[in-house]
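Pasting upload.cif here (mmCIF, C-alpha atoms, pLDDT in the B column; chains and numbers go by the auth columns):
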data_target
#
loop_
_atom_site.group_PDB
_atom_site.id
_atom_site.type_symbol
_atom_site.label_atom_id
_atom_site.label_comp_id
_atom_site.label_asym_id
_atom_site.label_seq_id
_atom_site.Cartn_x
_atom_site.Cartn_y
_atom_site.Cartn_z
_atom_site.B_iso_or_equiv
_atom_site.auth_seq_id
_atom_site.auth_asym_id
ATOM 1 C CA MET A 1 -15.783 21.843 18.348 49.00 1 A
ATOM 2 C CA LYS A 2 -12.406 22.179 16.658 49.00 2 A
ATOM 3 C CA LEU A 3 -11.251 18.871 18.133 47.00 3 A
ATOM 4 C CA ILE A 4 -14.280 17.047 16.713 48.00 4 A
ATOM 5 C CA MET A 5 -13.803 18.588 13.247 45.00 5 A
ATOM 6 C CA SER A 6 -10.135 17.673 13.271 42.00 6 A
ATOM 7 C CA LEU A 7 -10.934 14.098 14.246 44.00 7 A
ATOM 8 C CA GLN A 8 -13.563 13.773 11.517 44.00 8 A
ATOM 9 C CA ILE A 9 -11.125 14.991 8.889 43.00 9 A
ATOM 10 C CA GLN A 10 -8.538 12.539 10.196 41.00 10 A
ATOM 11 C CA LEU A 11 -10.931 9.618 9.808 46.00 11 A
ATOM 12 C CA LEU A 12 -11.832 10.568 6.232 51.00 12 A
ATOM 13 C CA HIS A 13 -8.225 11.139 5.193 55.00 13 A
ATOM 14 C CA PRO A 14 -5.764 9.198 7.362 74.00 14 A
ATOM 15 C CA ASN A 15 -2.074 9.977 7.468 86.00 15 A
ATOM 16 C CA ALA A 16 0.337 7.820 5.510 88.00 16 A
ATOM 17 C CA PRO A 17 1.372 4.554 7.182 91.00 17 A
ATOM 18 C CA GLN A 18 4.649 4.789 9.098 89.00 18 A
ATOM 19 C CA ASN A 19 7.508 2.372 9.771 90.00 19 A
ATOM 20 C CA VAL A 20 6.971 0.501 6.518 90.00 20 A
ATOM 21 C CA THR A 21 9.215 -2.541 6.266 91.00 21 A
ATOM 22 C CA GLY A 22 9.512 -5.384 3.818 91.00 22 A
ATOM 23 C CA VAL A 23 11.082 -8.805 3.858 91.00 23 A
ATOM 24 C CA LYS A 24 11.402 -11.646 1.400 91.00 24 A
ATOM 25 C CA LYS A 25 10.197 -14.835 3.077 93.00 25 A
ATOM 26 C CA SER A 26 11.760 -18.272 2.646 94.00 26 A
ATOM 27 C CA ASN A 27 8.920 -19.327 0.299 95.00 27 A
ATOM 28 C CA GLY A 28 9.677 -16.369 -2.027 92.00 28 A
ATOM 29 C CA ASP A 29 6.702 -14.239 -0.943 94.00 29 A
ATOM 30 C CA ILE A 30 7.345 -10.608 -0.012 93.00 30 A
ATOM 31 C CA GLU A 31 5.680 -9.364 3.174 95.00 31 A
ATOM 32 C CA ILE A 32 5.178 -5.631 3.722 94.00 32 A
ATOM 33 C CA SER A 33 4.302 -4.434 7.252 94.00 33 A
ATOM 34 C CA TYR A 34 3.436 -0.965 8.548 93.00 34 A
ATOM 35 C CA ASP A 35 1.968 0.930 11.468 92.00 35 A
ATOM 36 C CA ALA A 36 -1.701 1.873 11.162 90.00 36 A
ATOM 37 C CA PRO A 37 -2.420 5.595 11.252 91.00 37 A
ATOM 38 C CA LEU A 38 -5.470 6.822 13.163 90.00 38 A
ATOM 39 C CA GLY A 39 -8.638 6.258 11.143 89.00 39 A
ATOM 40 C CA ALA A 40 -7.180 3.832 8.610 92.00 40 A
ATOM 41 C CA VAL A 41 -9.237 0.720 7.853 93.00 41 A
ATOM 42 C CA ALA A 42 -7.839 -0.314 4.465 94.00 42 A
ATOM 43 C CA TYR A 43 -4.550 -0.029 2.613 94.00 43 A
ATOM 44 C CA LEU A 44 -3.346 -0.016 -0.964 93.00 44 A
ATOM 45 C CA THR A 45 0.191 -1.215 -1.490 93.00 45 A
ATOM 46 C CA HIS A 46 1.605 0.157 -4.729 92.00 46 A
ATOM 47 C CA TYR A 47 4.638 -1.513 -6.272 93.00 47 A
ATOM 48 C CA GLY A 48 6.577 -1.379 -9.491 91.00 48 A
ATOM 49 C CA ASP A 49 8.762 -3.426 -11.732 92.00 49 A
ATOM 50 C CA ALA A 50 12.219 -4.383 -10.527 91.00 50 A
ATOM 51 C CA ASN A 51 14.698 -1.552 -10.034 90.00 51 A
ATOM 52 C CA THR A 52 12.291 1.295 -10.812 88.00 52 A
ATOM 53 C CA THR A 53 12.745 4.407 -8.677 85.00 53 A
ATOM 54 C CA ASP A 54 9.969 6.758 -9.800 87.00 54 A
ATOM 55 C CA PRO A 55 6.773 6.368 -7.724 87.00 55 A
ATOM 56 C CA HIS A 56 4.769 7.034 -10.902 86.00 56 A
ATOM 57 C CA ASP A 57 6.077 3.688 -12.193 90.00 57 A
ATOM 58 C CA ALA A 58 4.405 1.785 -9.329 90.00 58 A
ATOM 59 C CA LYS A 59 1.732 0.392 -11.628 92.00 59 A
ATOM 60 C CA TYR A 60 0.692 -2.649 -9.578 93.00 60 A
ATOM 61 C CA ARG A 61 -1.554 -2.594 -6.494 93.00 61 A
ATOM 62 C CA GLY A 62 -2.476 -4.871 -3.651 94.00 62 A
ATOM 63 C CA TYR A 63 -5.196 -4.484 -1.008 95.00 63 A
ATOM 64 C CA SER A 64 -5.312 -5.231 2.693 96.00 64 A
ATOM 65 C CA GLU A 65 -7.492 -4.464 5.691 96.00 65 A
ATOM 66 C CA THR A 66 -4.643 -5.306 8.075 96.00 66 A
ATOM 67 C CA THR A 67 -1.199 -3.829 8.661 95.00 67 A
ATOM 68 C CA LYS A 68 0.405 -6.430 6.409 96.00 68 A
ATOM 69 C CA PHE A 69 0.386 -7.083 2.695 95.00 69 A
ATOM 70 C CA THR A 70 1.843 -10.225 1.160 95.00 70 A
ATOM 71 C CA LEU A 71 2.897 -10.319 -2.462 94.00 71 A
ATOM 72 C CA ALA A 72 2.938 -13.974 -3.479 94.00 72 A
ATOM 73 C CA ALA A 73 6.125 -15.154 -5.171 92.00 73 A
ATOM 74 C CA ALA A 74 4.070 -16.009 -8.270 93.00 74 A
ATOM 75 C CA ASP A 75 2.886 -12.373 -8.467 92.00 75 A
ATOM 76 C CA ILE A 76 6.308 -10.713 -8.326 92.00 76 A
ATOM 77 C CA PRO A 77 6.636 -8.636 -11.512 91.00 77 A
ATOM 78 C CA ALA A 78 7.952 -10.585 -14.490 88.00 78 A
ATOM 79 C CA GLY A 79 11.621 -10.181 -15.190 86.00 79 A
ATOM 80 C CA ALA A 80 12.688 -9.698 -11.567 87.00 80 A
ATOM 81 C CA THR A 81 15.777 -11.750 -10.822 86.00 81 A
ATOM 82 C CA THR A 82 18.060 -12.360 -7.865 86.00 82 A
ATOM 83 C CA GLY A 83 19.528 -9.086 -6.594 88.00 83 A
ATOM 84 C CA ASP A 84 16.813 -6.892 -8.111 90.00 84 A
ATOM 85 C CA LYS A 85 14.855 -4.529 -5.867 89.00 85 A
ATOM 86 C CA ILE A 86 11.069 -4.097 -5.920 90.00 86 A
ATOM 87 C CA PRO A 87 9.817 -0.686 -4.684 90.00 87 A
ATOM 88 C CA PHE A 88 6.753 -0.585 -2.398 91.00 88 A
ATOM 89 C CA TYR A 89 4.606 2.348 -1.228 92.00 89 A
ATOM 90 C CA VAL A 90 1.627 2.049 1.136 93.00 90 A
ATOM 91 C CA GLN A 91 -1.430 4.308 1.148 92.00 91 A
ATOM 92 C CA ALA A 92 -4.063 4.337 3.925 93.00 92 A
ATOM 93 C CA TYR A 93 -7.817 4.789 3.502 92.00 93 A
ATOM 94 C CA GLY A 94 -10.599 5.559 5.977 91.00 94 A
ATOM 95 C CA VAL A 95 -13.023 3.236 4.122 91.00 95 A
ATOM 96 C CA VAL A 96 -12.870 -0.310 2.812 91.00 96 A
ATOM 97 C CA ALA A 97 -13.002 -1.160 -0.874 91.00 97 A
ATOM 98 C CA PRO A 98 -16.465 -0.538 -2.322 89.00 98 A
ATOM 99 C CA GLY A 99 -16.418 -3.745 -4.367 88.00 99 A
ATOM 100 C CA GLY A 100 -14.471 -6.739 -5.589 88.00 100 A
ATOM 101 C CA THR A 101 -13.950 -10.233 -4.270 88.00 101 A
ATOM 102 C CA THR A 102 -10.196 -10.740 -4.730 90.00 102 A
ATOM 103 C CA ASN A 103 -7.511 -8.452 -3.338 88.00 103 A
ATOM 104 C CA VAL A 104 -6.649 -7.329 -6.875 89.00 104 A
ATOM 105 C CA GLU A 105 -10.310 -6.460 -7.578 92.00 105 A
ATOM 106 C CA LYS A 106 -10.627 -4.666 -4.226 93.00 106 A
ATOM 107 C CA ALA A 107 -7.438 -2.684 -4.909 91.00 107 A
ATOM 108 C CA ALA A 108 -8.810 -1.603 -8.286 91.00 108 A
ATOM 109 C CA ALA A 109 -12.229 -0.752 -6.813 92.00 109 A
ATOM 110 C CA LEU A 110 -10.766 1.410 -4.049 89.00 110 A
ATOM 111 C CA HIS A 111 -8.291 3.099 -6.383 87.00 111 A
ATOM 112 C CA ASP A 112 -10.849 3.770 -9.104 89.00 112 A
ATOM 113 C CA ALA A 113 -13.682 4.909 -6.783 87.00 113 A
ATOM 114 C CA ASN A 114 -12.269 8.430 -6.538 82.00 114 A
ATOM 115 C CA ILE A 115 -11.918 8.044 -2.758 83.00 115 A
ATOM 116 C CA GLU A 116 -9.137 10.146 -1.302 83.00 116 A
ATOM 117 C CA GLY A 117 -6.523 8.208 0.607 86.00 117 A
ATOM 118 C CA SER A 118 -3.426 9.302 2.445 83.00 118 A
ATOM 119 C CA ALA A 119 -0.195 10.364 0.879 81.00 119 A
ATOM 120 C CA TRP A 120 2.010 7.431 -0.050 80.00 120 A
ATOM 121 C CA SER A 121 4.340 6.151 2.608 78.00 121 A
ATOM 122 C CA THR A 122 7.900 7.340 2.643 65.00 122 A
ATOM 123 C CA PRO A 123 10.627 6.392 2.300 54.00 123 A
ATOM 124 C CA VAL A 124 10.343 3.865 -0.451 62.00 124 A
ATOM 125 C CA VAL A 125 10.739 0.319 0.817 67.00 125 A
ATOM 126 C CA GLU A 126 12.771 -1.752 -1.600 63.00 126 A
ATOM 127 C CA VAL A 127 12.854 -5.485 -1.099 66.00 127 A
ATOM 128 C CA THR A 128 15.758 -7.332 -2.674 69.00 128 A
ATOM 129 C CA ILE A 129 14.721 -10.429 -4.598 69.00 129 A
#
Go ahead and express the file in the form of structure tokens.
Amino acid sequence: MKLIMSLQIQLLHPNAPQNVTGVKKSNGDIEISYDAPLGAVAYLTHYGDANTTDPHDAKYRGYSETTKFTLAAADIPAGATTGDKIPFYVQAYGVVAPGGTTNVEKAAALHDANIEGSAWSTPVVEVTI
């Protein structure tokens, strides 16, 4: 009985993704990868403006249903220049986005739906531009 309850809780509230890494690709895109925790089916990747260090400043979001998120070069926050670092944090969810057609709309729908996700990944992954 306890095992089943524990598993159900895990599926509703997955642990934070682990082994989060990021790399800037040759085309300028930034690819974030992570290990999927048990029960996770969707992920929000939070990121901030260049060189911010406070997680509360991670005001942008991306959405994925895989263990990768790609931030297109065109979507890198304005003002970021060579040598700057962009902070990324990944949050896991046990449900997919309840609405939206684009990844930005899905990220907003999942975030705003008052659905509890995991803690944010740690440590902060900073990708140098």
Open item on the list: Show me, as a PyMOL selection string, the residues that have an atom within 12 Å of A:Ala40 when counting all atoms listed in the file, minus same-chain residues fewer than 3 positions from it.
Closed with: chain A and resi 9-18+34-37+43-44+64-67+90-96+116-118
Output file for the selection above: C-alpha atoms, as a CSV table (one decimal), in the frame of the given file:
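Dumped everything to selection_29.csv:
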chain,number,residue,atom,x,y,z
A,9,ILE,CA,-11.1,15.0,8.9
A,10,GLN,CA,-8.5,12.5,10.2
A,11,LEU,CA,-10.9,9.6,9.8
A,12,LEU,CA,-11.8,10.6,6.2
A,13,HIS,CA,-8.2,11.1,5.2
A,14,PRO,CA,-5.8,9.2,7.4
A,15,ASN,CA,-2.1,10.0,7.5
A,16,ALA,CA,0.3,7.8,5.5
A,17,PRO,CA,1.4,4.6,7.2
A,18,GLN,CA,4.6,4.8,9.1
A,34,TYR,CA,3.4,-1.0,8.5
A,35,ASP,CA,2.0,0.9,11.5
A,36,ALA,CA,-1.7,1.9,11.2
A,37,PRO,CA,-2.4,5.6,11.3
A,43,TYR,CA,-4.6,0.0,2.6
A,44,LEU,CA,-3.3,0.0,-1.0
A,64,SER,CA,-5.3,-5.2,2.7
A,65,GLU,CA,-7.5,-4.5,5.7
A,66,THR,CA,-4.6,-5.3,8.1
A,67,THR,CA,-1.2,-3.8,8.7
A,90,VAL,CA,1.6,2.0,1.1
A,91,GLN,CA,-1.4,4.3,1.1
A,92,ALA,CA,-4.1,4.3,3.9
A,93,TYR,CA,-7.8,4.8,3.5
A,94,GLY,CA,-10.6,5.6,6.0
A,95,VAL,CA,-13.0,3.2,4.1
A,96,VAL,CA,-12.9,-0.3,2.8
A,116,GLU,CA,-9.1,10.1,-1.3
A,117,GLY,CA,-6.5,8.2,0.6
A,118,SER,CA,-3.4,9.3,2.4
Open item on the list: One number please: atom CA of A:Val20 to atom CA of A:Asn51, in Å, one decimal.
Closed with: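 These two atoms are separated by 18.4 Å.
Considering the residues A:Ala97, A:Phe88, A:Asn103, A:His46 and counting all atoms listed in the file, A:Thr21 has its shortest atom-to-atom contact with A:Phe88.
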Open item on the list: Report, in Å with one decimal, the straight-line distance from atom CA of A:Thr101 to atom CA of A:Phe69.
Closed with: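 Atom CA of A:Thr101 sits 16.2 Å away from atom CA of A:Phe69.
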- [ ] Find the residues around A:Ala108 up to 10 Å (only C-alpha atoms counted), leave out those fewer than 3 positions away in its own chain, and share them as a ChimeraX atom specification.
- [x] /A:44,60-63,97-100,102-105,111-113
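The smallest atom-to-atom distance between A:Ser26 and any of A:Ala72, A:Val41, A:Thr53, A:Ala119, using all atoms listed in the file, is found for A:Ala72.
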- [ ] Provide the atom CA of A:Ala74 to atom CA of A:Asn19 distance in Å, to one decimal place.
- [x]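 If I compute the distance from atom CA of A:Ala74 to atom CA of A:Asn19, I get 26.0 Å.
Residues in contact range of A:Tyr47, defined as at most 10 Å between all atoms listed in the file, with sequence neighbours fewer than 6 positions away removed, read Pro55, His56, Asp57, Ala58, Lys59, Tyr60, Arg61, Gly62, Leu71, Ile76, Pro77, Ile86, Pro87, Phe88, Tyr89, Val90, Val124, Val125 and Glu126 of chain A.
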Create the file for the chosen residues now, containing C-alpha atoms and written as an mmCIF file, in the coordinates of the input.
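For reference, result_28.cif as written:
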data_model
loop_
_atom_site.group_PDB
_atom_site.id
_atom_site.type_symbol
_atom_site.label_atom_id
_atom_site.label_comp_id
_atom_site.auth_asym_id
_atom_site.auth_seq_id
_atom_site.Cartn_x
_atom_site.Cartn_y
_atom_site.Cartn_z
ATOM 1 C CA PRO A 55 6.773 6.368 -7.724
ATOM 2 C CA HIS A 56 4.769 7.034 -10.902
ATOM 3 C CA ASP A 57 6.077 3.688 -12.193
ATOM 4 C CA ALA A 58 4.405 1.785 -9.329
ATOM 5 C CA LYS A 59 1.732 0.392 -11.628
ATOM 6 C CA TYR A 60 0.692 -2.649 -9.578
ATOM 7 C CA ARG A 61 -1.554 -2.594 -6.494
ATOM 8 C CA GLY A 62 -2.476 -4.871 -3.651
ATOM 9 C CA LEU A 71 2.897 -10.319 -2.462
ATOM 10 C CA ILE A 76 6.308 -10.713 -8.326
ATOM 11 C CA PRO A 77 6.636 -8.636 -11.512
ATOM 12 C CA ILE A 86 11.069 -4.097 -5.920
ATOM 13 C CA PRO A 87 9.817 -0.686 -4.684
ATOM 14 C CA PHE A 88 6.753 -0.585 -2.398
ATOM 15 C CA TYR A 89 4.606 2.348 -1.228
ATOM 16 C CA VAL A 90 1.627 2.049 1.136
ATOM 17 C CA VAL A 124 10.343 3.865 -0.451
ATOM 18 C CA VAL A 125 10.739 0.319 0.817
ATOM 19 C CA GLU A 126 12.771 -1.752 -1.600
#
- [ ] Give the answer as one residue: which of A:Ile32, A:Thr52, A:Lys25, A:Ala42 has the shortest atom-to-atom distance to A:Ile115, using only C-alpha atoms?
- [x]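 Between A:Ile32, A:Thr52, A:Lys25, A:Ala42, the residue approaching A:Ile115 most closely is A:Ala42.
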